[in-house]
>>> print(open('coords39.txt').read())   # compact mmCIF, C-alpha atoms
# COMPACT_ATOMS: atom_id res chain seq x y z
CA MET L 1 129.61 60.96 126.71
CA GLY L 2 126.51 58.98 125.79
CA VAL L 3 125.92 57.40 122.42
CA LEU L 4 123.57 59.37 120.18
CA PRO L 5 120.49 57.49 118.97
CA THR L 6 120.56 56.43 115.32
CA GLU L 7 116.95 55.30 115.03
CA ILE L 8 113.60 56.71 116.14
CA ASN L 9 111.52 54.61 118.48
CA PRO L 10 108.20 53.36 117.06
CA ILE L 11 104.81 54.92 117.75
CA THR L 12 104.45 52.90 120.95
CA SER L 13 107.35 54.78 122.55
CA HIS L 14 106.97 57.45 125.21
CA TYR L 15 107.55 60.18 122.63
CA ALA L 16 103.97 59.98 121.35
CA ILE L 17 100.81 60.06 123.45
CA ARG L 18 98.07 57.73 122.27
CA ILE L 19 94.79 58.07 124.14
CA PRO L 20 92.56 55.06 123.39
CA GLY L 21 89.88 55.81 120.83
CA SER L 22 87.32 53.76 119.00
CA ALA L 23 89.76 52.39 116.44
CA SER L 24 93.26 50.99 116.47
CA ILE L 25 95.38 52.44 113.65
CA ASP L 26 98.81 51.56 112.35
CA LEU L 27 99.87 55.12 111.59
CA SER L 28 102.84 54.08 109.49
CA LYS L 29 100.47 52.47 106.97
CA HIS L 30 97.72 55.07 106.99
CA ILE L 31 97.28 56.30 103.42
CA LEU L 32 96.02 59.83 104.11
CA ILE L 33 99.36 61.09 105.40
CA ASP L 34 101.07 59.73 102.30
CA LYS L 35 98.33 61.20 100.12
CA ASN L 36 98.96 64.65 101.58
CA HIS L 37 102.70 64.15 101.04
CA GLN L 38 102.29 63.17 97.41
CA LYS L 39 99.54 65.57 96.31
CA HIS L 40 99.82 68.82 98.28
CA ASP L 41 102.20 71.75 98.44
CA ILE L 42 103.54 72.64 101.89
CA PHE L 43 102.30 76.23 101.28
CA TYR L 44 98.61 76.57 100.55
CA ASN L 45 98.69 80.08 99.06
CA SER L 46 101.03 82.57 97.42
CA CYS L 47 101.61 84.34 100.74
CA GLY L 48 103.40 81.27 102.11
CA PHE L 49 100.74 80.13 104.60
CA HIS L 50 101.56 76.62 105.74
CA ASN L 51 99.79 73.32 105.16
CA HIS L 52 98.41 72.30 108.59
CA LEU L 53 96.80 69.04 107.49
CA THR L 54 99.40 66.80 109.11
CA HIS L 55 99.43 68.83 112.34
CA HIS L 56 95.66 68.54 112.83
CA TYR L 57 95.60 64.93 111.73
CA LEU L 58 98.35 63.74 114.08
CA ALA L 59 97.08 65.76 117.04
CA ALA L 60 93.63 64.20 116.58
CA PHE L 61 95.19 60.76 116.18
CA ALA L 62 97.09 61.21 119.44
CA PHE L 63 93.83 61.99 121.23
CA GLY L 64 92.19 58.84 119.90
CA ALA L 65 90.29 60.02 116.83
CA ASP L 66 88.71 57.19 114.84
CA THR L 67 89.09 56.68 111.09
CA LYS L 68 85.90 58.62 110.32
CA ARG L 69 87.11 61.70 112.18
CA LEU L 70 90.57 61.47 110.62
CA GLN L 71 89.01 61.31 107.17
CA GLU L 72 86.94 64.40 107.97
CA ILE L 73 90.08 66.27 109.03
CA PHE L 74 91.84 65.24 105.85
CA ASP L 75 88.92 66.27 103.65
CA PHE L 76 88.59 69.67 105.34
CA HIS L 77 92.24 70.62 104.91
CA ALA L 78 92.63 69.01 101.48
CA SER L 79 89.81 71.19 100.17
CA TYR L 80 91.96 74.34 100.14
CA GLN L 81 95.47 73.00 99.50
CA ARG L 82 97.44 73.74 96.37
CA PRO L 83 98.76 70.81 94.31
CA ILE L 84 102.40 69.98 94.83
CA PRO L 85 104.45 71.93 92.29
CA ALA L 86 106.83 70.42 89.77
CA SER L 87 110.51 70.35 90.65
CA ILE L 88 112.33 73.32 89.15
CA THR L 89 115.89 72.03 89.50
CA THR L 90 118.08 69.28 90.94
CA LEU L 91 119.67 70.13 94.29
CA THR L 92 122.56 68.45 96.11
CA ARG L 93 124.71 69.13 99.15
CA ASP L 94 126.91 71.23 96.87
CA THR L 95 124.14 73.20 95.16
CA TYR L 96 121.42 73.42 97.82
CA ARG L 97 121.82 77.19 98.23
CA LYS L 98 120.84 77.83 94.63
CA GLU L 99 117.13 78.13 95.52
CA ILE L 100 117.37 78.89 99.23
CA ARG L 101 114.26 80.61 100.67
CA ASN L 102 112.40 80.14 97.37
CA ARG L 103 108.95 78.68 98.06
CA ASP L 104 108.61 77.67 94.42
CA ALA L 105 111.48 75.23 94.95
CA TYR L 106 109.65 73.22 97.63
CA THR L 107 109.50 70.03 95.56
CA SER L 108 113.15 70.32 94.57
CA TYR L 109 114.10 70.51 98.25
CA LEU L 110 111.66 67.72 99.10
CA ILE L 111 113.45 65.43 96.65
CA LEU L 112 116.84 66.45 98.07
CA PHE L 113 115.89 65.70 101.68
CA THR L 114 114.05 62.50 100.77
CA ASN L 115 117.26 61.26 99.14
CA GLU L 116 119.30 62.38 102.15
CA ILE L 117 117.03 60.47 104.55
CA GLU L 118 117.16 57.35 102.40
CA LYS L 119 120.97 57.53 102.42
CA TYR L 120 121.76 58.67 105.96
CA GLY L 121 118.58 58.04 107.99
CA VAL L 122 116.28 60.55 109.66
CA LEU L 123 118.35 61.57 112.67
CA GLU L 124 121.69 62.02 110.93
CA THR L 125 119.99 63.99 108.14
CA VAL L 126 118.25 66.29 110.61
CA ARG L 127 121.44 66.83 112.63
CA TYR L 128 123.39 67.68 109.51
CA TRP L 129 120.96 70.11 107.93
CA ILE L 130 119.37 72.16 110.70
CA PHE L 131 122.76 73.56 111.70
CA LYS L 132 123.89 74.41 108.16
CA ASP L 133 124.45 78.11 107.49
CA GLU L 134 121.31 80.04 108.53
CA MET L 135 119.07 76.96 108.48
CA LEU L 136 118.45 77.08 112.24
CA ALA L 137 116.96 80.56 111.86
CA GLN L 138 114.89 79.31 108.92
CA LEU L 139 113.68 76.41 111.07
CA LEU L 140 112.15 79.04 113.36
CA GLY L 141 111.01 81.22 110.46
CA GLY L 142 107.42 81.14 109.33
CA ALA L 143 106.03 81.33 112.88
CA TYR L 144 107.90 78.17 113.98
CA HIS L 145 106.07 75.98 111.44
CA PRO L 146 109.13 74.08 110.13
CA LEU L 147 110.17 73.33 113.72
CA ILE L 148 106.68 72.14 114.66
CA HIS L 149 106.34 70.05 111.50
CA LEU L 150 109.69 68.42 112.27
CA GLY L 151 108.55 67.70 115.83
CA TYR L 152 105.51 65.82 114.55
CA ALA L 153 107.66 63.90 112.06
CA ILE L 154 110.13 62.71 114.68
CA GLU L 155 107.52 62.04 117.36
CA PHE L 156 105.48 59.79 115.07
CA ASN L 157 108.44 58.33 113.14
CA LEU L 158 107.40 59.60 109.69
CA PRO L 159 110.41 59.99 107.34
CA ASN L 160 108.34 61.57 104.55
CA VAL L 161 107.03 64.22 106.93
CA THR L 162 110.63 64.82 108.08
CA ALA L 163 111.56 65.54 104.46
CA GLU L 164 108.59 67.93 104.24
CA ALA L 165 109.74 69.78 107.35
CA LEU L 166 113.30 70.19 106.08
CA ALA L 167 112.05 71.33 102.67
CA MET L 168 109.76 73.84 104.37
CA MET L 169 112.74 75.06 106.42
CA ALA L 170 114.82 75.56 103.28
CA CYS L 171 112.02 77.61 101.71
CA CYS L 172 111.33 79.86 104.73
CA GLU L 173 112.94 83.19 105.51
CA ASP L 174 115.58 83.48 108.24
CA TYR L 175 113.79 86.34 110.02
CA PRO L 176 114.94 85.36 113.56
CA ALA L 177 118.63 85.39 112.57
CA PRO L 178 119.40 88.87 114.04
CA VAL L 179 117.92 87.86 117.39
CA MET L 180 119.91 84.62 117.43
CA LYS L 181 123.33 86.24 117.18
CA HIS L 182 123.92 85.67 120.88
CA LEU L 183 124.11 81.94 120.05
CA ASN L 184 127.02 82.33 117.64
CA ASP L 185 130.56 81.22 118.34
CA LYS L 186 131.83 84.71 117.52
CA ASN L 187 130.84 88.19 118.58
CA GLU L 188 130.05 91.03 116.15
CA ASP L 189 133.78 91.86 115.86
CA GLY L 190 134.57 88.28 114.79
CA GLU L 191 136.25 87.40 118.08
CA GLU L 192 135.89 83.83 119.34
CA LEU L 193 133.61 83.46 122.36
CA LYS L 194 134.81 81.25 125.18
CA GLN L 195 131.27 80.07 125.80
CA ILE L 196 127.77 80.76 124.63
CA MET L 197 126.18 83.45 126.77
CA ASN L 198 123.85 82.10 129.44
CA GLY L 199 121.98 84.28 131.89
CA THR L 200 120.47 83.90 135.33
CA GLN L 201 116.82 84.84 134.81
CA THR L 202 113.67 82.77 134.33
CA ALA L 203 111.46 83.18 131.26
CA LEU L 204 108.67 84.68 133.34
CA THR L 205 110.95 87.27 134.96
CA ILE L 206 112.29 88.29 131.55
CA PHE L 207 108.78 88.59 130.13
CA GLN L 208 107.64 90.78 133.01
CA THR L 209 110.56 93.14 132.38
CA LEU L 210 109.99 93.12 128.62
CA TYR L 211 106.28 93.86 129.11
CA GLU L 212 107.17 97.13 130.82
CA ASP L 213 109.93 98.06 128.33
CA SER L 214 108.94 101.24 126.48
CA ASP L 215 111.22 100.34 123.55
CA PHE L 216 108.49 97.95 122.43
CA ASP L 217 105.67 100.48 122.54
CA ASN L 218 103.87 100.98 119.21
CA VAL L 219 106.30 98.75 117.30
CA ILE L 220 103.36 96.84 115.84
CA LYS L 221 99.64 97.47 115.54
CA TYR L 222 96.86 94.94 115.36
CA THR L 223 96.08 96.05 111.82
CA ASP L 224 99.64 95.42 110.56
CA GLU L 225 99.79 92.62 108.01
CA THR L 226 103.43 91.74 108.70
CA LYS L 227 103.71 92.05 112.46
CA ALA L 228 106.81 89.89 112.81
CA GLN L 229 108.59 91.69 109.99
CA ASN L 230 107.98 95.02 111.74
CA VAL L 231 109.79 93.64 114.76
CA TYR L 232 112.74 92.24 112.81
CA ASP L 233 113.15 95.48 110.87
CA ASN L 234 113.47 97.54 114.06
CA SER L 235 117.14 97.69 115.10
CA VAL L 236 116.36 98.94 118.62
CA VAL L 237 113.91 96.12 119.26
CA ILE L 238 116.33 93.52 117.84
CA LYS L 239 119.05 94.72 120.19
CA ARG L 240 116.71 94.55 123.18
CA LEU L 241 115.46 91.08 122.22
CA ARG L 242 119.03 89.80 121.99
CA GLU L 243 119.73 91.21 125.43
CA TYR L 244 116.64 89.56 126.87
CA ALA L 245 117.40 86.25 125.18
CA SER L 246 120.89 86.20 126.68
CA GLN L 247 119.41 86.70 130.17
CA TRP L 248 117.58 83.37 130.17
CA HIS L 249 119.23 80.63 132.23
CA TYR L 250 119.34 77.46 130.15
CA LYS L 251 120.54 74.25 131.73
CA ASP L 252 122.03 72.10 128.98
CA TYR L 253 122.91 68.44 128.51
CA LEU L 254 126.21 67.08 127.17
CA THR L 255 126.58 65.76 123.63
CA GLN L 256 129.20 66.14 120.96
CA TYR L 257 126.91 68.67 119.27
CA VAL L 258 126.26 70.99 122.19
CA ARG L 259 128.78 72.34 124.67
CA ILE L 260 128.26 72.38 128.44
CA ILE L 261 126.91 75.72 129.59
CA ASN L 262 126.12 75.31 133.26
CA ASN L 263 124.66 72.05 134.54
CA ILE L 264 123.10 68.93 133.10
CA ASP L 265 119.37 69.57 133.36
CA ALA L 266 117.85 70.37 129.96
CA GLU L 267 114.52 68.78 130.87
CA SER L 268 113.88 71.33 133.61
CA SER L 269 114.60 74.22 131.22
CA LEU L 270 112.15 72.82 128.69
CA LYS L 271 109.58 72.26 131.43
CA GLU L 272 109.98 75.92 132.40
CA LEU L 273 109.37 77.00 128.80
CA PHE L 274 106.37 74.68 128.52
CA ILE L 275 104.72 76.14 131.63
CA PHE L 276 105.56 79.70 130.62
CA SER L 277 104.23 79.32 127.05
CA VAL L 278 101.00 77.69 128.25
CA VAL L 279 100.42 80.40 130.86
CA LEU L 280 101.11 83.13 128.30
CA PHE L 281 98.82 81.48 125.73
CA VAL L 282 95.90 81.01 128.14
CA ALA L 283 96.23 84.18 130.25
CA SER L 284 96.43 86.43 127.20
CA GLY L 285 93.31 84.88 125.68
CA ILE L 286 90.81 86.85 127.76
CA ARG L 287 90.05 90.13 125.99
CA GLU L 288 87.13 92.37 126.85
CA GLN L 289 85.41 89.56 128.73
CA GLU L 290 85.65 87.26 125.72
CA ILE L 291 88.00 84.40 124.90
CA LYS L 292 90.28 85.03 121.96
CA LEU L 293 93.35 82.80 121.97
CA ASP L 294 96.38 84.04 120.08
CA PHE L 295 97.59 82.00 117.09
CA PHE L 296 101.26 82.87 117.60
CA PHE L 297 101.22 82.01 121.31
CA ALA L 298 99.69 78.66 120.32
CA ARG L 299 102.69 78.15 118.03
CA ALA L 300 104.95 78.84 121.01
CA VAL L 301 103.33 75.99 122.95
CA THR L 302 103.61 73.47 120.13
CA SER L 303 107.14 74.57 119.25
CA VAL L 304 108.32 73.89 122.82
CA HIS L 305 106.80 70.42 122.52
CA ALA L 306 108.72 69.94 119.26
CA ILE L 307 111.97 71.01 120.93
CA THR L 308 111.29 68.54 123.75
CA ILE L 309 110.96 65.71 121.22
CA LYS L 310 114.26 66.70 119.58
CA GLN L 311 116.04 67.01 122.91
CA ARG L 312 115.00 63.50 123.89
CA MET L 313 116.42 62.23 120.61
CA LYS L 314 119.57 64.32 121.25
CA ILE L 315 119.28 66.27 118.02
>>> encode(input="coords39.txt", output="structure tokens")
Amino acid sequence: MGVLPTEINPITSHYAIRIPGSASIDLSKHILIDKNHQKHDIFYNSCGFHNHLTHHYLAAFAFGADTKRLQEIFDFHASYQRPIPASITTLTRDTYRKEIRNRDAYTSYLILFTNEIEKYGVLETVRYWIFKDEMLAQLLGGAYHPLIHLGYAIEFNLPNVTAEALAMMACCEDYPAPVMKHLNDKNEDGEELKQIMNGTQTALTIFQTLYEDSDFDNVIKYTDETKAQNVYDNSVVIKRLREYASQWHYKDYLTQYVRIINNIDAESSLKELFIFSVVLFVASGIREQEIKLDFFFARAVTSVHAITIKQRMKI
């Protein structure tokens, strides 16, 4: 069994792509990321829409944006952010559930996870918290935003952004939890499972079958405001999604945190998801002879990248 990493490699590592631009920037000392951290809420409206400033900023940085362009990105997103709210309570490892899934408690959770990172380091803190209770489902809640935010934080070695991601996770709903039951150690009757279910199908094959499944017809309409919620509230659809999820063949790696499922080849499984999510995102973007790329499929692409970063750090 290999030794788990305890530190994140610096920005020059292979985890981050840096395409040469017109300016050389030490990202760890760049004040705009800290300014966003100190001044802005992670939710920019009362509906819980997420602060994308860091996502846009770091993506542009990776493609070589100069300081002028980065300032423009900051100014654009900062113009509609809400100020960071006051802490409403003190949270600890013993009391963290007191405000769980409460967006008003973002700053309280931010303080908790900042303290955790200072005490235990980024990787140990992330490993401890994302598998607590329903936190893994909350990490995927909010259209994958906590997961994506955490991917950026780890890729660019930004502890403050890591704390933001974990606080966002704690404040998000656990909508995907019913679909994720096939990952549990027990079945619905409470019986211990000998191993996590792992199928034989590729993502593309599963999607082709799902696309023709009449159980999904008319579950959501374009005009629905809460499309995802309509899915999660439909017991038939949830059952079918769990069945499809268990059909995917995932090739895992060995650590003390994850059991062996089949063979040691996680990278190829993530590569499969990357290709599938990109194809789905691009191919679905042509509608009535016009290009209209789907926001949620874009989140699928960036979330797979975030998972790849975490897998390489053995989280």
>>> closest_residue(input="coords39.txt", among="L:Trp129, L:Ala167, L:Leu140, L:Gly121", to="Thr107 in chain L", atoms="all atoms listed in the file")
L:Ala167
>>> residues_around(input="coords39.txt", residues="range 52-55 of chain L", least_positions_apart="2", cutoff="12 Å", atoms="all atoms listed in the file", output="ChimeraX atom specification")
/L:27,32-37,40-44,49-50,57-62,70-81,145-153,155-156,158,160-162,164-165,299,302-303,306
>>> atom_distance(input="coords39.txt", atom1="CA of Val304 in chain L", atom2="CA of Lys271 in chain L")
8.9 Å
>>> atom_distance(input="coords39.txt", atom1="CA of His249 in chain L", atom2="CA of Ser214 in chain L")
23.7 Å
>>> residues_around(input="coords39.txt", residues="range 236-238 of chain L", least_positions_apart="3", cutoff="7 Å", atoms="all atoms listed in the file", output="number ranges by chain")
L: 178-179, 215-216, 231-232, 241-242
>>> atom_distance(input="coords39.txt", atom1="CA of Lys310 in chain L", atom2="CA of Ile275 in chain L")
18.0 Å
>>> closest_residue(input="coords39.txt", among="L:Ala228, L:Trp248, L:Pro159, L:Thr223", to="Asn198 in chain L", atoms="all atoms listed in the file")
L:Trp248
>>> residues_near_point(input="coords39.txt", point="(115.7, 90.1, 130.3)", cutoff="9 Å", atoms="all atoms listed in the file", output="list in words")
Gly199, Gln201, Thr202, Ala203, Thr205, Ile206, Phe207, Gln208, Thr209, Leu210, Arg240, Leu241, Arg242, Glu243, Tyr244, Ala245, Ser246, Gln247 and Trp248 of chain L
>>> axis_aligned_box(input="coords39.txt", around="range 141-152 of chain L", padding_each_side="6 Å", output="lines of an AutoDock Vina configuration file")
center_x = 108.3
center_y = 73.6
center_z = 112.6
size_x = 17.5
size_y = 27.5
size_z = 18.5
>>> closest_residue(input="coords39.txt", among="L:Pro83, L:Tyr109, L:Glu288, L:Leu293", to="Thr95 in chain L", atoms="all atoms listed in the file")
L:Tyr109
>>> residues_around(input="coords39.txt", residues="Ser87 in chain L", least_positions_apart="5", cutoff="9 Å", atoms="all atoms listed in the file", output="CSV table (one decimal) with C-alpha atoms, in the frame of the given file")
chain,number,residue,atom,x,y,z
L,104,ASP,CA,108.6,77.7,94.4
L,105,ALA,CA,111.5,75.2,95.0
L,106,TYR,CA,109.6,73.2,97.6
L,107,THR,CA,109.5,70.0,95.6
L,108,SER,CA,113.2,70.3,94.6
L,109,TYR,CA,114.1,70.5,98.2
L,110,LEU,CA,111.7,67.7,99.1
L,111,ILE,CA,113.4,65.4,96.6
